[in-house]
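Structure below is structure-v4.cif: mmCIF, C-alpha atoms.
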```
data_model
#
loop_
_atom_site.group_PDB
_atom_site.id
_atom_site.type_symbol
_atom_site.label_atom_id
_atom_site.label_comp_id
_atom_site.auth_asym_id
_atom_site.auth_seq_id
_atom_site.Cartn_x
_atom_site.Cartn_y
_atom_site.Cartn_z
ATOM 1 C CA MET A 1 0.000 0.000 0.000
ATOM 2 C CA LYS A 2 1.253 3.469 -0.931
ATOM 3 C CA GLU A 3 0.597 6.665 1.002
ATOM 4 C CA VAL A 4 -0.441 9.500 -1.311
ATOM 5 C CA PHE A 5 -1.602 13.101 -0.879
ATOM 6 C CA PHE A 6 -4.181 14.348 -3.389
ATOM 7 C CA GLU A 7 -3.076 17.959 -3.467
ATOM 8 C CA GLU A 8 -6.059 19.235 -5.452
ATOM 9 C CA ARG A 9 -8.381 18.553 -2.495
ATOM 10 C CA GLY A 10 -5.909 18.189 0.371
ATOM 11 C CA ILE A 11 -6.850 14.545 0.860
ATOM 12 C CA TYR A 12 -4.549 11.829 2.204
ATOM 13 C CA TYR A 13 -5.207 8.284 1.055
ATOM 14 C CA ARG A 14 -3.631 4.862 0.799
ATOM 15 C CA ALA A 15 -3.891 2.711 -2.298
ATOM 16 C CA ASN A 16 -2.329 -0.417 -3.707
ATOM 17 C CA ASN A 17 -1.241 -0.912 -7.315
ATOM 18 C CA LEU A 18 -4.556 -0.082 -8.987
ATOM 19 C CA GLN A 19 -5.449 -2.383 -11.882
ATOM 20 C CA SER A 20 -8.249 -1.669 -14.345
ATOM 21 C CA GLN A 21 -9.520 -5.271 -14.378
ATOM 22 C CA LEU A 22 -10.076 -5.463 -10.611
ATOM 23 C CA PRO A 23 -13.071 -4.253 -8.575
ATOM 24 C CA THR A 24 -12.308 -1.450 -6.128
ATOM 25 C CA LEU A 25 -12.998 -1.401 -2.390
ATOM 26 C CA VAL A 26 -13.365 2.159 -1.052
ATOM 27 C CA PHE A 27 -13.188 2.355 2.752
ATOM 28 C CA ILE A 28 -14.830 5.362 4.455
ATOM 29 C CA HIS A 29 -14.131 5.822 8.179
ATOM 30 C CA GLY A 30 -16.372 7.424 10.805
ATOM 31 C CA LEU A 31 -16.533 10.767 12.611
ATOM 32 C CA SER A 32 -13.250 11.850 14.240
ATOM 33 C CA GLY A 33 -11.706 8.591 13.063
ATOM 34 C CA SER A 34 -9.265 7.994 10.249
ATOM 35 C CA SER A 35 -8.341 5.475 7.596
ATOM 36 C CA SER A 36 -6.102 3.670 10.091
ATOM 37 C CA ALA A 37 -9.217 1.805 11.263
ATOM 38 C CA TRP A 38 -9.136 -0.099 7.960
ATOM 39 C CA LEU A 39 -5.482 -1.179 7.990
ATOM 40 C CA PRO A 40 -6.211 -4.827 8.944
ATOM 41 C CA TYR A 41 -8.732 -5.080 6.091
ATOM 42 C CA GLU A 42 -6.309 -3.673 3.548
ATOM 43 C CA LYS A 43 -3.877 -6.481 4.334
ATOM 44 C CA VAL A 44 -6.575 -9.087 3.666
ATOM 45 C CA PHE A 45 -7.917 -7.712 0.384
ATOM 46 C CA GLU A 46 -5.059 -5.845 -1.306
ATOM 47 C CA ASP A 47 -3.985 -8.816 -3.459
ATOM 48 C CA ARG A 48 -7.450 -9.331 -4.974
ATOM 49 C CA TYR A 49 -9.000 -5.874 -5.102
ATOM 50 C CA ASN A 50 -8.031 -2.317 -5.753
ATOM 51 C CA ILE A 51 -7.990 -0.642 -2.331
ATOM 52 C CA ILE A 52 -8.557 3.053 -1.633
ATOM 53 C CA SER A 53 -8.584 4.225 2.005
ATOM 54 C CA PRO A 54 -8.871 8.018 2.379
ATOM 55 C CA ASP A 55 -8.973 10.317 5.364
ATOM 56 C CA PHE A 56 -11.869 12.631 4.576
ATOM 57 C CA ARG A 57 -11.417 16.374 5.018
ATOM 58 C CA GLY A 58 -10.565 17.558 8.503
ATOM 59 C CA HIS A 59 -9.589 14.068 9.634
ATOM 60 C CA GLY A 60 -6.355 12.125 10.022
ATOM 61 C CA LYS A 61 -3.649 13.320 7.653
ATOM 62 C CA SER A 62 -5.985 15.268 5.369
ATOM 63 C CA ARG A 63 -6.126 19.057 5.371
ATOM 64 C CA LYS A 64 -8.556 20.829 7.693
ATOM 65 C CA ARG A 65 -10.996 23.554 6.703
ATOM 66 C CA GLY A 66 -12.423 26.164 9.019
ATOM 67 C CA ARG A 67 -16.016 26.874 7.970
ATOM 68 C CA TYR A 68 -19.183 25.077 9.031
ATOM 69 C CA ASN A 69 -20.425 24.480 5.477
ATOM 70 C CA ASP A 70 -17.101 22.873 4.575
ATOM 71 C CA TYR A 71 -18.329 19.839 6.519
ATOM 72 C CA ALA A 72 -21.697 19.396 4.858
ATOM 73 C CA ILE A 73 -21.950 15.729 3.900
ATOM 74 C CA GLU A 74 -22.052 16.361 0.156
ATOM 75 C CA ASN A 75 -18.979 18.616 0.363
ATOM 76 C CA ILE A 76 -16.979 15.972 2.214
ATOM 77 C CA ALA A 77 -18.134 13.375 -0.313
ATOM 78 C CA ASP A 78 -17.275 15.629 -3.242
ATOM 79 C CA ASP A 79 -13.572 15.431 -2.324
ATOM 80 C CA LEU A 80 -13.718 11.653 -2.493
ATOM 81 C CA VAL A 81 -15.734 11.619 -5.713
ATOM 82 C CA ARG A 82 -13.088 13.833 -7.295
ATOM 83 C CA LEU A 83 -10.367 11.516 -5.975
ATOM 84 C CA LEU A 84 -12.068 8.445 -7.453
ATOM 85 C CA GLN A 85 -12.518 10.217 -10.781
ATOM 86 C CA HIS A 86 -8.853 11.178 -10.706
ATOM 87 C CA LEU A 87 -7.832 7.558 -10.093
ATOM 88 C CA ARG A 88 -10.172 6.306 -12.853
ATOM 89 C CA VAL A 89 -11.216 3.209 -10.958
ATOM 90 C CA GLN A 90 -14.159 1.030 -11.945
ATOM 91 C CA GLU A 91 -16.570 -1.391 -10.235
ATOM 92 C CA LEU A 92 -16.767 0.552 -6.999
ATOM 93 C CA ILE A 93 -17.751 -1.245 -3.800
ATOM 94 C CA VAL A 94 -18.083 1.487 -1.179
ATOM 95 C CA ILE A 95 -17.806 0.533 2.502
ATOM 96 C CA GLY A 96 -18.730 3.149 5.095
ATOM 97 C CA HIS A 97 -18.878 3.068 8.879
ATOM 98 C CA SER A 98 -21.154 5.199 11.101
ATOM 99 C CA PHE A 99 -20.895 8.873 9.993
ATOM 100 C CA GLY A 100 -19.049 7.506 6.966
ATOM 101 C CA THR A 101 -22.249 5.791 5.796
ATOM 102 C CA LEU A 102 -23.716 9.231 5.046
ATOM 103 C CA ILE A 103 -20.617 10.078 3.023
ATOM 104 C CA ALA A 104 -20.872 6.729 1.217
ATOM 105 C CA LEU A 105 -24.508 7.508 0.475
ATOM 106 C CA SER A 106 -23.566 10.876 -1.014
ATOM 107 C CA ILE A 107 -20.796 9.307 -3.102
ATOM 108 C CA ILE A 108 -23.321 6.903 -4.603
ATOM 109 C CA ARG A 109 -25.623 9.787 -5.474
ATOM 110 C CA GLN A 110 -22.762 11.503 -7.295
ATOM 111 C CA LEU A 111 -21.356 8.337 -8.910
ATOM 112 C CA PRO A 112 -24.389 6.390 -10.162
ATOM 113 C CA GLY A 113 -22.200 3.617 -11.573
ATOM 114 C CA THR A 114 -21.310 2.314 -8.099
ATOM 115 C CA LYS A 115 -21.618 -1.487 -8.064
ATOM 116 C CA LYS A 116 -22.375 -2.141 -4.373
ATOM 117 C CA VAL A 117 -22.339 -0.439 -0.999
ATOM 118 C CA MET A 118 -21.903 -1.723 2.527
ATOM 119 C CA PHE A 119 -23.273 0.324 5.427
ATOM 120 C CA ILE A 120 -21.698 -0.605 8.768
ATOM 121 C CA SER A 121 -23.542 0.796 11.816
ATOM 122 C CA PRO A 122 -25.410 3.271 9.578
ATOM 123 C CA THR A 123 -26.343 6.727 10.814
ATOM 124 C CA PHE A 124 -30.101 6.509 10.378
ATOM 125 C CA LYS A 125 -32.991 7.753 12.534
ATOM 126 C CA VAL A 126 -30.720 9.511 15.028
ATOM 127 C CA GLU A 127 -33.794 11.438 16.171
ATOM 128 C CA ASN A 128 -34.759 8.227 17.997
ATOM 129 C CA THR A 129 -31.540 8.050 20.028
ATOM 130 C CA TRP A 130 -31.280 8.791 23.755
ATOM 131 C CA TRP A 131 -28.142 10.900 23.374
ATOM 132 C CA LEU A 132 -29.432 13.433 20.828
ATOM 133 C CA PRO A 133 -30.878 15.981 23.331
ATOM 134 C CA VAL A 134 -27.561 15.995 25.210
ATOM 135 C CA ALA A 135 -25.572 16.265 21.982
ATOM 136 C CA ARG A 136 -27.680 19.192 20.758
ATOM 137 C CA VAL A 137 -26.756 21.200 23.857
ATOM 138 C CA PHE A 138 -23.102 20.107 23.909
ATOM 139 C CA VAL A 139 -22.503 20.651 20.204
ATOM 140 C CA GLY A 140 -24.559 23.848 20.265
ATOM 141 C CA VAL A 141 -22.110 25.322 22.764
ATOM 142 C CA LEU A 142 -19.129 24.091 20.741
ATOM 143 C CA TYR A 143 -20.667 25.456 17.542
ATOM 144 C CA VAL A 144 -20.985 28.931 19.084
ATOM 145 C CA PHE A 145 -17.653 29.016 20.893
ATOM 146 C CA GLY A 146 -15.653 26.694 18.608
ATOM 147 C CA PRO A 147 -14.216 29.584 16.562
ATOM 148 C CA LEU A 148 -12.584 30.862 19.761
ATOM 149 C CA PHE A 149 -10.476 27.686 20.079
ATOM 150 C CA PRO A 150 -7.058 27.556 18.388
ATOM 151 C CA PHE A 151 -7.399 26.160 14.873
ATOM 152 C CA SER A 152 -4.883 24.995 12.313
ATOM 153 C CA THR A 153 -5.440 23.673 8.813
ATOM 154 C CA ARG A 154 -2.412 21.412 9.140
ATOM 155 C CA PRO A 155 -3.050 17.661 8.898
ATOM 156 C CA LYS A 156 -2.490 15.639 12.060
ATOM 157 C CA ARG A 157 -1.906 11.913 12.547
ATOM 158 C CA HIS A 158 -3.490 8.485 12.712
ATOM 159 C CA VAL A 159 -4.748 6.797 15.857
ATOM 160 C CA ASP A 160 -3.618 3.181 16.317
ATOM 161 C CA TYR A 161 -6.970 1.499 16.931
ATOM 162 C CA GLN A 162 -5.409 -1.918 17.394
ATOM 163 C CA LYS A 163 -4.105 -0.683 20.741
ATOM 164 C CA LEU A 164 -7.644 0.293 21.759
ATOM 165 C CA THR A 165 -9.329 -3.025 20.988
ATOM 166 C CA PRO A 166 -11.841 -3.904 22.339
ATOM 167 C CA THR A 167 -13.502 -0.537 22.724
ATOM 168 C CA GLY A 168 -16.936 0.467 23.996
ATOM 169 C CA ASP A 169 -19.367 2.773 22.238
ATOM 170 C CA TRP A 170 -18.650 5.541 24.748
ATOM 171 C CA SER A 171 -15.059 4.693 25.664
ATOM 172 C CA LEU A 172 -13.222 7.918 26.549
ATOM 173 C CA ARG A 173 -9.958 6.061 25.934
ATOM 174 C CA ARG A 174 -10.867 6.095 22.218
ATOM 175 C CA ILE A 175 -13.105 9.167 21.963
ATOM 176 C CA ILE A 176 -10.696 11.672 23.524
ATOM 177 C CA PRO A 177 -7.721 10.872 21.216
ATOM 178 C CA ASP A 178 -10.112 10.945 18.247
ATOM 179 C CA ILE A 179 -11.543 14.375 19.083
ATOM 180 C CA LEU A 180 -8.137 15.818 19.963
ATOM 181 C CA ASN A 181 -6.828 14.574 16.633
ATOM 182 C CA THR A 182 -9.721 16.062 14.671
ATOM 183 C CA GLY A 183 -10.170 19.198 16.753
ATOM 184 C CA ILE A 184 -13.209 20.617 18.536
ATOM 185 C CA ARG A 185 -14.319 22.762 15.610
ATOM 186 C CA VAL A 186 -14.263 20.019 12.979
ATOM 187 C CA TYR A 187 -15.869 17.518 15.348
ATOM 188 C CA SER A 188 -18.763 19.808 16.297
ATOM 189 C CA TYR A 189 -19.338 20.986 12.729
ATOM 190 C CA CYS A 190 -19.527 17.428 11.371
ATOM 191 C CA LEU A 191 -21.761 16.170 14.159
ATOM 192 C CA ARG A 192 -24.177 19.092 13.842
ATOM 193 C CA HIS A 193 -24.743 18.263 10.174
ATOM 194 C CA VAL A 194 -26.064 14.829 11.211
ATOM 195 C CA TRP A 195 -29.299 16.159 12.727
ATOM 196 C CA THR A 196 -29.777 19.464 10.918
ATOM 197 C CA ARG A 197 -30.346 17.712 7.609
ATOM 198 C CA ASP A 198 -33.048 15.273 6.528
ATOM 199 C CA PHE A 199 -31.294 12.338 4.868
ATOM 200 C CA HIS A 200 -34.420 10.202 4.644
ATOM 201 C CA PRO A 201 -34.973 10.983 0.914
ATOM 202 C CA TRP A 202 -31.376 9.953 0.209
ATOM 203 C CA TRP A 203 -31.876 6.579 1.843
ATOM 204 C CA LYS A 204 -35.274 6.050 0.275
ATOM 205 C CA GLY A 205 -33.891 6.651 -3.203
ATOM 206 C CA MET A 206 -31.103 4.063 -2.793
ATOM 207 C CA GLU A 207 -31.181 1.518 -5.626
ATOM 208 C CA VAL A 208 -27.640 0.128 -5.375
ATOM 209 C CA PRO A 209 -27.360 -3.428 -3.939
ATOM 210 C CA SER A 210 -26.536 -2.929 -0.270
ATOM 211 C CA LEU A 211 -25.509 -4.793 2.854
ATOM 212 C CA ILE A 212 -26.352 -3.294 6.244
ATOM 213 C CA LEU A 213 -24.145 -4.604 9.043
ATOM 214 C CA HIS A 214 -25.254 -3.636 12.543
ATOM 215 C CA GLY A 215 -24.351 -4.580 16.091
ATOM 216 C CA GLU A 216 -26.998 -6.238 18.233
ATOM 217 C CA VAL A 217 -26.139 -4.085 21.270
ATOM 218 C CA ASP A 218 -25.275 -0.824 19.484
ATOM 219 C CA THR A 219 -26.035 2.047 21.898
ATOM 220 C CA VAL A 220 -25.202 4.862 19.450
ATOM 221 C CA VAL A 221 -27.719 3.892 16.777
ATOM 222 C CA PRO A 222 -30.067 1.139 18.012
ATOM 223 C CA VAL A 223 -30.480 -1.986 15.948
ATOM 224 C CA ARG A 224 -34.149 -1.121 15.387
ATOM 225 C CA SER A 225 -32.996 1.801 13.226
ATOM 226 C CA ALA A 226 -31.069 -0.605 10.990
ATOM 227 C CA GLN A 227 -34.139 -2.817 10.735
ATOM 228 C CA MET A 228 -36.245 0.154 9.633
ATOM 229 C CA LEU A 229 -33.564 1.144 7.131
ATOM 230 C CA SER A 230 -33.526 -2.323 5.570
ATOM 231 C CA GLU A 231 -37.301 -2.111 5.149
ATOM 232 C CA LEU A 232 -36.919 1.258 3.415
ATOM 233 C CA MET A 233 -34.339 0.001 0.889
ATOM 234 C CA PRO A 234 -35.685 -2.811 -1.326
ATOM 235 C CA ARG A 235 -32.224 -3.960 -2.473
ATOM 236 C CA ALA A 236 -30.709 -4.094 1.005
ATOM 237 C CA GLU A 237 -29.789 -7.111 3.107
ATOM 238 C CA LEU A 238 -29.510 -6.729 6.890
ATOM 239 C CA ARG A 239 -27.034 -8.737 8.915
ATOM 240 C CA ILE A 240 -26.931 -8.322 12.700
ATOM 241 C CA ILE A 241 -23.698 -9.057 14.560
ATOM 242 C CA LYS A 242 -24.480 -10.849 17.812
ATOM 243 C CA GLU A 243 -23.249 -8.896 20.851
ATOM 244 C CA GLY A 244 -21.674 -6.332 18.514
ATOM 245 C CA ASN A 245 -21.684 -2.657 19.456
ATOM 246 C CA HIS A 246 -21.280 0.445 17.252
ATOM 247 C CA ILE A 247 -17.534 0.099 16.665
ATOM 248 C CA LEU A 248 -17.732 -3.041 14.529
ATOM 249 C CA PRO A 249 -14.674 -2.489 12.265
ATOM 250 C CA VAL A 250 -12.392 -2.302 15.303
ATOM 251 C CA ASN A 251 -14.042 -4.842 17.608
ATOM 252 C CA ASN A 252 -15.398 -7.424 15.171
ATOM 253 C CA PHE A 253 -12.687 -7.822 12.571
ATOM 254 C CA LYS A 254 -13.495 -11.433 11.663
ATOM 255 C CA GLU A 255 -17.230 -10.844 11.213
ATOM 256 C CA VAL A 256 -16.743 -7.653 9.192
ATOM 257 C CA ARG A 257 -13.979 -9.217 7.096
ATOM 258 C CA ASP A 258 -16.138 -12.238 6.279
ATOM 259 C CA ALA A 259 -19.097 -10.015 5.427
ATOM 260 C CA ILE A 260 -16.975 -7.944 3.030
ATOM 261 C CA GLU A 261 -15.562 -11.118 1.485
ATOM 262 C CA LEU A 262 -18.956 -12.660 0.806
ATOM 263 C CA PHE A 263 -20.719 -9.462 -0.238
ATOM 264 C CA SER A 264 -17.953 -8.334 -2.596
ATOM 265 C CA SER A 265 -17.527 -11.674 -4.324
ATOM 266 C CA THR A 266 -21.187 -12.475 -5.054
ATOM 267 C CA ASN A 267 -23.149 -11.146 -8.011
#
```
Would you mind writing the file out in structure tokens?
Amino acid sequence: MKEVFFEERGIYYRANNLQSQLPTLVFIHGLSGSSSAWLPYEKVFEDRYNIISPDFRGHGKSRKRGRYNDYAIENIADDLVRLLQHLRVQELIVIGHSFGTLIALSIIRQLPGTKKVMFISPTFKVENTWWLPVARVFVGVLYVFGPLFPFSTRPKRHVDYQKLTPTGDWSLRRIIPDILNTGIRVYSYCLRHVWTRDFHPWWKGMEVPSLILHGEVDTVVPVRSAQMLSELMPRAELRIIKEGNHILPVNNFKEVRDAIELFSSTN
């Protein structure tokens, strides 16, 4: 895998030796995370697939931007769409986790030729979650006072998630390094976009073959939300990971790996 910086959009990504005859796995990480979450999966699939693992804007080693609208879902996705167009890859299989499922959804809307998409712990029906009222207040304060915090556009680093495994949904041991790496402003701006937009029409219009992978004991987005999402999308299959929480790519490597293997290889 090579580390590359797409200067046009300020996006860091890793890729193997891309070959036109191979399908392409595109890994999209979650909020305040980075592409380092996908490193174990790259090692498994890099000999049989094209692999592209970006840090989306404001995260990991990609460049940060300072305005609220810079972190609208479609603007984040637009960077990655431009990257994929630049790389001229075909047969896209997009794999997104958590907040990254919204970015994956936007990529599909902009690249209608996408072959398949896998939504891991999808961000759907957050209005039904217990934490939203608390988050509205917390993020509201950060949104107002965030511009007063020191801010730099310089890229930062990657968190080594293998050292944090297993991790709980609300583990401060993982959350604090993530937020410090992303920065208060970027974190609050991204999170606020989750509930100030109605993504229901995006989900409802999804016609790409999809796999929804969700943890049975997810306390960030309850499994019932994934069940409702699968009912909304006629070409979606739902698979529930027993005793899995929200952080499936880190905690449930074997189950997620096997799901990617089967989903990517079947017609």
- Task: Please identify all polymer residues lying at most 6 Å from the point (-6.6, 8.4, 3.1) (file coordinates), using only C-alpha atoms, and present the result as a list in words.
- Result: Tyr12, Tyr13, Arg14, Ser35, Ser53, Pro54 and Asp55 of chain A
- Query: Can you tell me how far atom CA of A:Thr114 sits from atom CA of A:Leu92, in Å to one decimal?
  - Reply: 5.0 Å
- Task: Rank A:Asn128, A:Ser152, A:Thr196, A:Thr266 by their smallest atom-to-atom distance to A:Arg63, using only C-alpha atoms, and report the top residue only.
- Result: A:Ser152
- Message: Give me, as a ChimeraX atom specification, all polymer residues having an atom no more than 8 Å from A:Met118, counting only C-alpha atoms and skipping those fewer than 2 positions away in the same chain.
- Response: /A:93-96,116,120,210-213,260
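Among the candidates A:His86, A:His59, A:His97, A:Arg67, the one nearest to A:Phe27 when counting all atoms listed in the file is A:His97.
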- Task: Would you mind reading off the distance between atom CA of A:Phe45 and atom CA of A:Val221, one decimal, in Å?
- Result: 28.2 Å
- A:Phe119, A:Phe56, A:Phe145, A:Tyr49: which is nearest A:His246, counting all atoms listed in the file?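 Of all the options, A:Phe119 lies closest to A:His246.
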Apply the PyMOL selection byres ((chain A and resi 123) around 6) to the file shown and report the selected residues as an mmCIF file with C-alpha atoms, in the coordinates of the input.
```cif
data_model
loop_
_atom_site.group_PDB
_atom_site.id
_atom_site.type_symbol
_atom_site.label_atom_id
_atom_site.label_comp_id
_atom_site.auth_asym_id
_atom_site.auth_seq_id
_atom_site.Cartn_x
_atom_site.Cartn_y
_atom_site.Cartn_z
ATOM 1 C CA SER A 98 -21.154 5.199 11.101
ATOM 2 C CA PHE A 99 -20.895 8.873 9.993
ATOM 3 C CA PRO A 122 -25.410 3.271 9.578
ATOM 4 C CA PHE A 124 -30.101 6.509 10.378
#
```
- Determine the residue membership of the PyMOL selection byres ((chain A and resi 68) around 10) for the file above and supply it as a list in words.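 Expected selection for the PyMOL selection byres ((chain A and resi 68) around 10) here is Arg65, Gly66, Arg67, Asn69, Asp70, Tyr71, Ala72, Tyr143, Arg185, Val186, Ser188, Tyr189, Cys190, Arg192 and His193 of chain A.
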- Message: Which residues would end up in the selection if the PyMOL selection byres ((chain A and resi 197) around 12) were applied here, given that I need the answer as a list in words?
- Response: Ala72, Ile73, Glu74, Leu102, Phe124, Lys125, Val126, Glu127, Cys190, Leu191, Arg192, His193, Val194, Trp195, Thr196, Asp198, Phe199, His200, Pro201 and Trp202 of chain A
Just the selected residues (C-alpha atoms), exported as a PDB file, keeping the file's coordinate frame, please.
```
ATOM      1  CA  ALA A  72     -21.697  19.396   4.858  1.00  0.00           C
ATOM      2  CA  ILE A  73     -21.950  15.729   3.900  1.00  0.00           C
ATOM      3  CA  GLU A  74     -22.052  16.361   0.156  1.00  0.00           C
ATOM      4  CA  LEU A 102     -23.716   9.231   5.046  1.00  0.00           C
ATOM      5  CA  PHE A 124     -30.101   6.509  10.378  1.00  0.00           C
ATOM      6  CA  LYS A 125     -32.991   7.753  12.534  1.00  0.00           C
ATOM      7  CA  VAL A 126     -30.720   9.511  15.028  1.00  0.00           C
ATOM      8  CA  GLU A 127     -33.794  11.438  16.171  1.00  0.00           C
ATOM      9  CA  CYS A 190     -19.527  17.428  11.371  1.00  0.00           C
ATOM     10  CA  LEU A 191     -21.761  16.170  14.159  1.00  0.00           C
ATOM     11  CA  ARG A 192     -24.177  19.092  13.842  1.00  0.00           C
ATOM     12  CA  HIS A 193     -24.743  18.263  10.174  1.00  0.00           C
ATOM     13  CA  VAL A 194     -26.064  14.829  11.211  1.00  0.00           C
ATOM     14  CA  TRP A 195     -29.299  16.159  12.727  1.00  0.00           C
ATOM     15  CA  THR A 196     -29.777  19.464  10.918  1.00  0.00           C
ATOM     16  CA  ASP A 198     -33.048  15.273   6.528  1.00  0.00           C
ATOM     17  CA  PHE A 199     -31.294  12.338   4.868  1.00  0.00           C
ATOM     18  CA  HIS A 200     -34.420  10.202   4.644  1.00  0.00           C
ATOM     19  CA  PRO A 201     -34.973  10.983   0.914  1.00  0.00           C
ATOM     20  CA  TRP A 202     -31.376   9.953   0.209  1.00  0.00           C
TER      21      TRP A 202
END
```
- Item | Pick from A:Asp169, A:Asp178, A:Glu261, A:Glu207 nearest to A:Leu248, counting only C-alpha atoms |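 With only C-alpha atoms as the atom set, the closest residue is A:Asp169.
Interatomic distance, atom CA of A:Glu42 to atom CA of A:Phe253: 11.8 Å.
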- May I ask which of the residues A:Ser32, A:Asn267, A:Gln110, A:Thr182 is the closest one to A:Asp78, counting all atoms listed in the file?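 Under the stated criterion, the closest residue is A:Gln110.
When all atoms listed in the file are used to measure the gap to A:Ala236, the shortest distance among A:Pro177, A:Asp47, A:Pro40, A:Lys204 belongs to A:Lys204.
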